[in-house]
Amino acid sequence: GCVACSGTHSSSDEHTEFNVQIQQSALSASTFVVSHLSAIEPYFDIQSTTGISGSLNSLFSAFSQLSISPNDNQARQSVISAAQGLARAFNAADSGLSDATTATDNDVQNTVADINALVADIQAINLERRKNAGTTTDAGLDARLYNDLETLSQYTDFTTVPSQDGTISVFLGGQTPLVVGTTQYTVQANVSGGQIQIFDSSGNDITSRVSGGQLGGLIQVGNTLLPGYRAQLNQLAQGIADTINTQLNSGVDQGTPPAAGANLFTYNPTAAAKTLSVTNITPDQIAAASSASPGGNDNAIALSSLQNATVPTLGNFTLTQFYGNLASTVGRDLSNAQNDQTTQQQLLAQAQSLRADASAVSLNEEAARLVDLQNAYEATSKLISIINEMTQVLLGILPTGY
């Protein structure tokens, strides 16, 4: 700030402060998306030999080997082992998504608590400003307010409306009041229903009004991205299990007489990826042959061919294509968020630089102002000296005792 005849005032420019808040809000949103997607991206690495992609390839390699040696017990056991590895990969990916969901929910609760705490301080500042309305501006109080607003912009997007009494009202998403004058309105979060919900002080659902800040990023992750990945993961787990089980059921095992092939996979339809597992199937129960050729390899060849077969329940993609699309979606979402983060870091740096330029005090201007003040002071001193001299002269002219 600077000192002038009118007193002390803040040099912060409201427009540049607002621009910093906007860029900070956008950066925080993309940063939290990057953070949470980075945690799950390894589970969808198509290069991983132990992940879903590698395990799926291992299972079809086992089916291919079975078609070469349909009556070899080791080849049959290899199919079961590969299937167990694939089930574990799905379980791990689902667990990763579950952990990410829990972390997101916890961050939402903490963010909402931080928002309410910041707004409480803004309310306290408004009380001070209203109490001192009409007096000179308090630069320290202004700095505290701007700091609160910039921090709040990290948590969510909002608009502010100043009042003539010196208070400032804050509206989340431009609509929901957080503080109006000296009254605070708290917000709450509910994460127990599988979807993140934000409520205003009256219990109205205002989730759709939040788009920026880390709360906006968390809502995007928790309500859109993670549920979307999990839905596709479950769809793929069920598609793999049903497709392979159906083919096995159409063949015959090594029994005497040969019986219809048993299921290799089992799962709970409400959470296929989480519950996918291998049945109690034994090596001799694997249907490598067809009913038309017991002891042959017809069904083993058909099982091996499933790798390149389109699956109606998977949008007519093959099993590997569907997984590739899912992995690409996760990777693309993370890449987009990282690009947004980089862009917003640059925009925030520019906004902060503009704010610094707007609030910086020019030394040349201050020096010139000091010279003007010094000249005015000297002129005033001379005037007072002349008045004193004239007073003495007048006192000398007047008769004694007048």
# chains A, B, ... in the order shown; residues from 1 in each chain; ligands from 1
call {"tool": "select_by_dssp", "arguments": {"residues": "segment 32-276 of chain A", "states": "strand (DSSP E or B)", "output": "PyMOL selection string"}}
result
chain A and resi 158-162+168-172+176-180+183-184+188-190+197-199+205+251-252+260+265-266
call {"tool": "write_last_selection", "arguments": {"atoms": "N, CA, C and O atoms", "output": "CSV table (one decimal), in the first residue's frame"}}
result
chain,number,residue,atom,x,y,z
A,158,PHE,N,-16.7,-19.5,-7.1
A,158,PHE,CA,-17.7,-18.7,-6.5
A,158,PHE,C,-17.6,-17.3,-7.1
A,158,PHE,O,-16.7,-17.0,-7.9
A,159,THR,N,-18.6,-16.5,-6.8
A,159,THR,CA,-18.6,-15.1,-7.1
A,159,THR,C,-18.8,-14.3,-5.9
A,159,THR,O,-19.3,-14.8,-4.9
A,160,THR,N,-18.3,-13.0,-5.9
A,160,THR,CA,-18.4,-12.1,-4.8
A,160,THR,C,-19.2,-10.9,-5.1
A,160,THR,O,-19.1,-10.4,-6.3
A,161,VAL,N,-19.9,-10.3,-4.2
A,161,VAL,CA,-20.7,-9.1,-4.4
A,161,VAL,C,-20.4,-8.2,-3.2
A,161,VAL,O,-20.7,-8.5,-2.1
A,162,PRO,N,-19.7,-7.0,-3.4
A,162,PRO,CA,-19.4,-6.1,-2.4
A,162,PRO,C,-20.6,-5.3,-2.0
A,162,PRO,O,-21.5,-5.0,-2.9
A,168,ILE,N,-18.6,-8.2,2.1
A,168,ILE,CA,-18.6,-8.8,0.8
A,168,ILE,C,-19.3,-10.1,0.9
A,168,ILE,O,-19.1,-10.9,1.9
A,169,SER,N,-20.3,-10.4,0.0
A,169,SER,CA,-21.0,-11.6,0.0
A,169,SER,C,-20.4,-12.6,-1.0
A,169,SER,O,-19.9,-12.2,-2.0
A,170,VAL,N,-20.5,-13.9,-0.6
A,170,VAL,CA,-19.8,-14.9,-1.4
A,170,VAL,C,-20.9,-15.9,-1.8
A,170,VAL,O,-21.6,-16.4,-0.9
A,171,PHE,N,-21.0,-16.3,-3.1
A,171,PHE,CA,-22.0,-17.2,-3.6
A,171,PHE,C,-21.3,-18.4,-4.3
A,171,PHE,O,-20.6,-18.2,-5.3
A,172,LEU,N,-21.4,-19.6,-3.8
A,172,LEU,CA,-20.9,-20.8,-4.4
A,172,LEU,C,-21.5,-21.0,-5.8
A,172,LEU,O,-22.8,-21.0,-5.9
A,176,THR,N,-25.4,-20.1,-4.8
A,176,THR,CA,-25.7,-20.5,-3.4
A,176,THR,C,-24.9,-19.6,-2.5
A,176,THR,O,-23.7,-19.6,-2.5
A,177,PRO,N,-25.6,-19.0,-1.5
A,177,PRO,CA,-24.9,-18.1,-0.6
A,177,PRO,C,-24.1,-18.9,0.4
A,177,PRO,O,-24.5,-19.8,1.0
A,178,LEU,N,-22.9,-18.4,0.6
A,178,LEU,CA,-22.0,-18.9,1.6
A,178,LEU,C,-21.9,-18.0,2.8
A,178,LEU,O,-21.9,-18.3,3.9
A,179,VAL,N,-21.8,-16.7,2.4
A,179,VAL,CA,-21.9,-15.6,3.4
A,179,VAL,C,-22.5,-14.4,2.7
A,179,VAL,O,-22.2,-14.0,1.6
A,180,VAL,N,-23.5,-13.8,3.4
A,180,VAL,CA,-24.2,-12.6,3.0
A,180,VAL,C,-24.1,-11.6,4.1
A,180,VAL,O,-24.7,-11.9,5.2
A,183,THR,N,-23.8,-12.9,7.8
A,183,THR,CA,-24.5,-14.2,8.1
A,183,THR,C,-23.8,-15.3,7.2
A,183,THR,O,-23.7,-15.1,6.0
A,184,GLN,N,-23.4,-16.4,7.9
A,184,GLN,CA,-22.8,-17.5,7.2
A,184,GLN,C,-23.8,-18.6,6.9
A,184,GLN,O,-24.7,-18.8,7.7
A,188,GLN,N,-23.0,-28.8,3.3
A,188,GLN,CA,-22.7,-30.2,3.8
A,188,GLN,C,-22.5,-31.1,2.6
A,188,GLN,O,-22.9,-30.8,1.5
A,189,ALA,N,-21.8,-32.2,2.9
A,189,ALA,CA,-21.5,-33.2,1.9
A,189,ALA,C,-22.1,-34.6,2.3
A,189,ALA,O,-22.0,-34.9,3.5
A,190,ASN,N,-22.6,-35.3,1.4
A,190,ASN,CA,-23.1,-36.7,1.6
A,190,ASN,C,-22.5,-37.6,0.6
A,190,ASN,O,-22.6,-37.4,-0.6
A,197,GLN,N,-22.9,-35.8,-3.0
A,197,GLN,CA,-23.9,-34.8,-3.0
A,197,GLN,C,-23.5,-33.7,-2.1
A,197,GLN,O,-23.0,-33.9,-1.0
A,198,ILE,N,-23.7,-32.5,-2.6
A,198,ILE,CA,-23.4,-31.3,-1.8
A,198,ILE,C,-24.7,-30.6,-1.6
A,198,ILE,O,-25.5,-30.3,-2.5
A,199,PHE,N,-25.0,-30.2,-0.3
A,199,PHE,CA,-26.2,-29.6,0.1
A,199,PHE,C,-26.0,-28.2,0.7
A,199,PHE,O,-25.0,-28.0,1.4
A,205,ASP,N,-30.0,-29.9,-2.8
A,205,ASP,CA,-28.9,-30.5,-3.5
A,205,ASP,C,-28.4,-29.4,-4.5
A,205,ASP,O,-29.0,-29.0,-5.4
A,251,GLY,N,-19.2,-78.0,-24.9
A,251,GLY,CA,-18.3,-79.1,-25.1
A,251,GLY,C,-18.5,-80.2,-24.1
A,251,GLY,O,-19.5,-80.1,-23.3
A,252,VAL,N,-17.6,-81.2,-24.1
A,252,VAL,CA,-17.7,-82.3,-23.1
A,252,VAL,C,-16.4,-82.5,-22.4
A,252,VAL,O,-15.3,-82.1,-23.0
A,260,ALA,N,-21.3,-82.6,-20.0
A,260,ALA,CA,-21.2,-81.3,-20.5
A,260,ALA,C,-20.2,-80.5,-19.7
A,260,ALA,O,-20.1,-80.7,-18.5
A,265,PHE,N,-15.7,-69.9,-14.6
A,265,PHE,CA,-15.8,-68.7,-13.8
A,265,PHE,C,-17.2,-68.6,-13.1
A,265,PHE,O,-18.2,-69.1,-13.5
A,266,THR,N,-17.2,-67.9,-11.9
A,266,THR,CA,-18.4,-67.5,-11.2
A,266,THR,C,-18.3,-66.1,-10.8
A,266,THR,O,-17.1,-65.6,-10.6
call {"tool": "residues_around", "arguments": {"residues": "Phe63 of chain A", "least_positions_apart": "2", "cutoff": "8 Å", "atoms": "only C-alpha atoms", "output": "PyMOL selection string"}}
result
chain A and resi 59-61+65-67+79+300-301+303-304
call {"tool": "atom_distance", "arguments": {"atom1": "atom CA of Gln154 of chain A", "atom2": "atom CA of Gln214 of chain A"}}
result
6.2 Å
call {"tool": "select_by_dssp", "arguments": {"residues": "segment 109-318 of chain A", "states": "helix (DSSP H, G or I)", "output": "ChimeraX atom specification"}}
result
/A:109-131,139-155,207-209,213-249,269-275,283-285,298-308,312-314
call {"tool": "residues_around", "arguments": {"residues": "Val112 of chain A", "least_positions_apart": "4", "cutoff": "10 Å", "atoms": "only C-alpha atoms", "output": "ChimeraX atom specification"}}
result
/A:107-108,116-118,155-156,186-189,198,215
call {"tool": "closest_residue", "arguments": {"among": "A:Ala133, A:Val191, A:Val20, A:Leu306", "to": "Gln109 of chain A", "atoms": "only C-alpha atoms"}}
result
A:Val191
call {"tool": "closest_residue", "arguments": {"among": "A:Gln307, A:Thr104, A:Gln47, A:Ser98", "to": "Val221 of chain A", "atoms": "only C-alpha atoms"}}
result
A:Thr104
call {"tool": "residues_around", "arguments": {"residues": "Pro70 of chain A", "least_positions_apart": "2", "cutoff": "7 Å", "atoms": "only C-alpha atoms", "output": "NGL selection string"}}
result
:A and (66-68 or 72 or 288 or 296-297)
call {"tool": "write_last_selection", "arguments": {"atoms": "all heavy atoms", "output": "short mmCIF file (atom, residue, chain, number, x, y, z; two decimals), in the first residue's frame"}}
result
data_model
loop_
_atom_site.label_atom_id
_atom_site.label_comp_id
_atom_site.auth_asym_id
_atom_site.auth_seq_id
_atom_site.Cartn_x
_atom_site.Cartn_y
_atom_site.Cartn_z
N LEU A 66 -3.97 -75.92 -24.91
CA LEU A 66 -4.92 -77.01 -24.67
C LEU A 66 -5.39 -77.61 -26.00
O LEU A 66 -5.59 -78.83 -26.11
CB LEU A 66 -6.12 -76.51 -23.88
CG LEU A 66 -7.20 -77.54 -23.54
CD1 LEU A 66 -6.65 -78.62 -22.60
CD2 LEU A 66 -8.42 -76.86 -22.93
N SER A 67 -5.54 -76.76 -27.01
CA SER A 67 -5.98 -77.27 -28.32
C SER A 67 -4.91 -78.17 -28.95
O SER A 67 -5.22 -79.04 -29.77
CB SER A 67 -6.29 -76.10 -29.26
OG SER A 67 -5.12 -75.40 -29.62
N ILE A 68 -3.65 -77.96 -28.57
CA ILE A 68 -2.56 -78.80 -29.07
C ILE A 68 -2.49 -80.11 -28.30
O ILE A 68 -2.25 -81.17 -28.89
CB ILE A 68 -1.22 -78.04 -28.98
CG1 ILE A 68 -1.26 -76.77 -29.85
CG2 ILE A 68 -0.06 -78.93 -29.37
CD1 ILE A 68 -0.05 -75.88 -29.69
N ASP A 72 -3.81 -83.49 -22.07
CA ASP A 72 -2.68 -83.36 -21.17
C ASP A 72 -3.15 -82.67 -19.88
O ASP A 72 -3.71 -81.58 -19.91
CB ASP A 72 -1.57 -82.53 -21.83
CG ASP A 72 -0.38 -82.34 -20.91
OD1 ASP A 72 0.29 -83.33 -20.62
OD2 ASP A 72 -0.17 -81.19 -20.46
N ALA A 288 -12.53 -79.75 -23.42
CA ALA A 288 -11.67 -79.47 -24.57
C ALA A 288 -12.24 -80.06 -25.84
O ALA A 288 -11.86 -79.66 -26.95
CB ALA A 288 -10.27 -80.02 -24.31
N GLY A 296 -11.32 -85.21 -28.31
CA GLY A 296 -10.66 -84.38 -29.32
C GLY A 296 -10.35 -82.98 -28.79
O GLY A 296 -10.35 -82.71 -27.59
N ASN A 297 -10.10 -82.09 -29.75
CA ASN A 297 -9.71 -80.72 -29.38
C ASN A 297 -10.62 -79.65 -29.98
O ASN A 297 -10.27 -78.47 -30.00
CB ASN A 297 -8.27 -80.45 -29.81
CG ASN A 297 -8.11 -80.45 -31.32
OD1 ASN A 297 -9.03 -80.84 -32.06
ND2 ASN A 297 -6.95 -80.02 -31.80
#
call {"tool": "residues_around", "arguments": {"residues": "Ile125 of chain A", "least_positions_apart": "6", "cutoff": "9 Å", "atoms": "only C-alpha atoms", "output": "PyMOL selection string"}}
result
chain A and resi 141-142+144-145+167+182
call {"tool": "write_last_selection", "arguments": {"atoms": "all heavy atoms", "output": "short mmCIF file (atom, residue, chain, number, x, y, z; two decimals), in the first residue's frame"}}
result
data_model
loop_
_atom_site.label_atom_id
_atom_site.label_comp_id
_atom_site.auth_asym_id
_atom_site.auth_seq_id
_atom_site.Cartn_x
_atom_site.Cartn_y
_atom_site.Cartn_z
N LEU A 141 -6.67 -5.91 6.96
CA LEU A 141 -7.93 -6.65 6.85
C LEU A 141 -8.21 -7.01 5.39
O LEU A 141 -8.69 -8.10 5.10
CB LEU A 141 -9.07 -5.81 7.42
CG LEU A 141 -10.30 -6.55 7.96
CD1 LEU A 141 -9.91 -7.50 9.07
CD2 LEU A 141 -11.35 -5.55 8.44
N ASP A 142 -7.87 -6.07 4.48
CA ASP A 142 -8.04 -6.36 3.05
C ASP A 142 -7.17 -7.54 2.63
O ASP A 142 -7.60 -8.42 1.89
CB ASP A 142 -7.68 -5.13 2.22
CG ASP A 142 -8.77 -4.08 2.24
OD1 ASP A 142 -9.85 -4.36 2.81
OD2 ASP A 142 -8.54 -2.98 1.70
N ARG A 144 -6.06 -9.95 4.45
CA ARG A 144 -6.62 -11.18 5.02
C ARG A 144 -7.80 -11.67 4.20
O ARG A 144 -7.95 -12.87 3.93
CB ARG A 144 -7.03 -10.91 6.46
CG ARG A 144 -7.67 -12.09 7.18
CD ARG A 144 -7.93 -11.71 8.63
NE ARG A 144 -9.06 -12.42 9.20
CZ ARG A 144 -9.68 -12.05 10.32
NH1 ARG A 144 -9.28 -10.96 10.96
NH2 ARG A 144 -10.69 -12.76 10.78
N LEU A 145 -8.64 -10.74 3.75
CA LEU A 145 -9.80 -11.11 2.93
C LEU A 145 -9.35 -11.69 1.60
O LEU A 145 -9.85 -12.74 1.18
CB LEU A 145 -10.69 -9.89 2.70
CG LEU A 145 -11.87 -10.11 1.74
CD1 LEU A 145 -12.83 -11.16 2.28
CD2 LEU A 145 -12.60 -8.80 1.46
N THR A 167 -18.96 -4.88 3.65
CA THR A 167 -18.98 -6.35 3.67
C THR A 167 -18.94 -6.89 2.24
O THR A 167 -19.21 -6.17 1.28
CB THR A 167 -20.23 -6.88 4.37
OG1 THR A 167 -21.40 -6.47 3.64
CG2 THR A 167 -20.32 -6.36 5.79
N THR A 182 -23.09 -10.34 7.29
CA THR A 182 -22.47 -10.95 8.47
C THR A 182 -23.11 -12.30 8.81
O THR A 182 -22.96 -12.79 9.93
CB THR A 182 -22.58 -10.00 9.67
OG1 THR A 182 -23.97 -9.68 9.90
CG2 THR A 182 -21.80 -8.72 9.42
#
call {"tool": "atom_distance", "arguments": {"atom1": "atom CA of Gln238 of chain A", "atom2": "atom CA of Thr270 of chain A"}}
result
10.0 Å
call {"tool": "residues_around", "arguments": {"residues": "segment 320-325 of chain A", "least_positions_apart": "3", "cutoff": "9 Å", "atoms": "only C-alpha atoms", "output": "count of residues only"}}
result
19
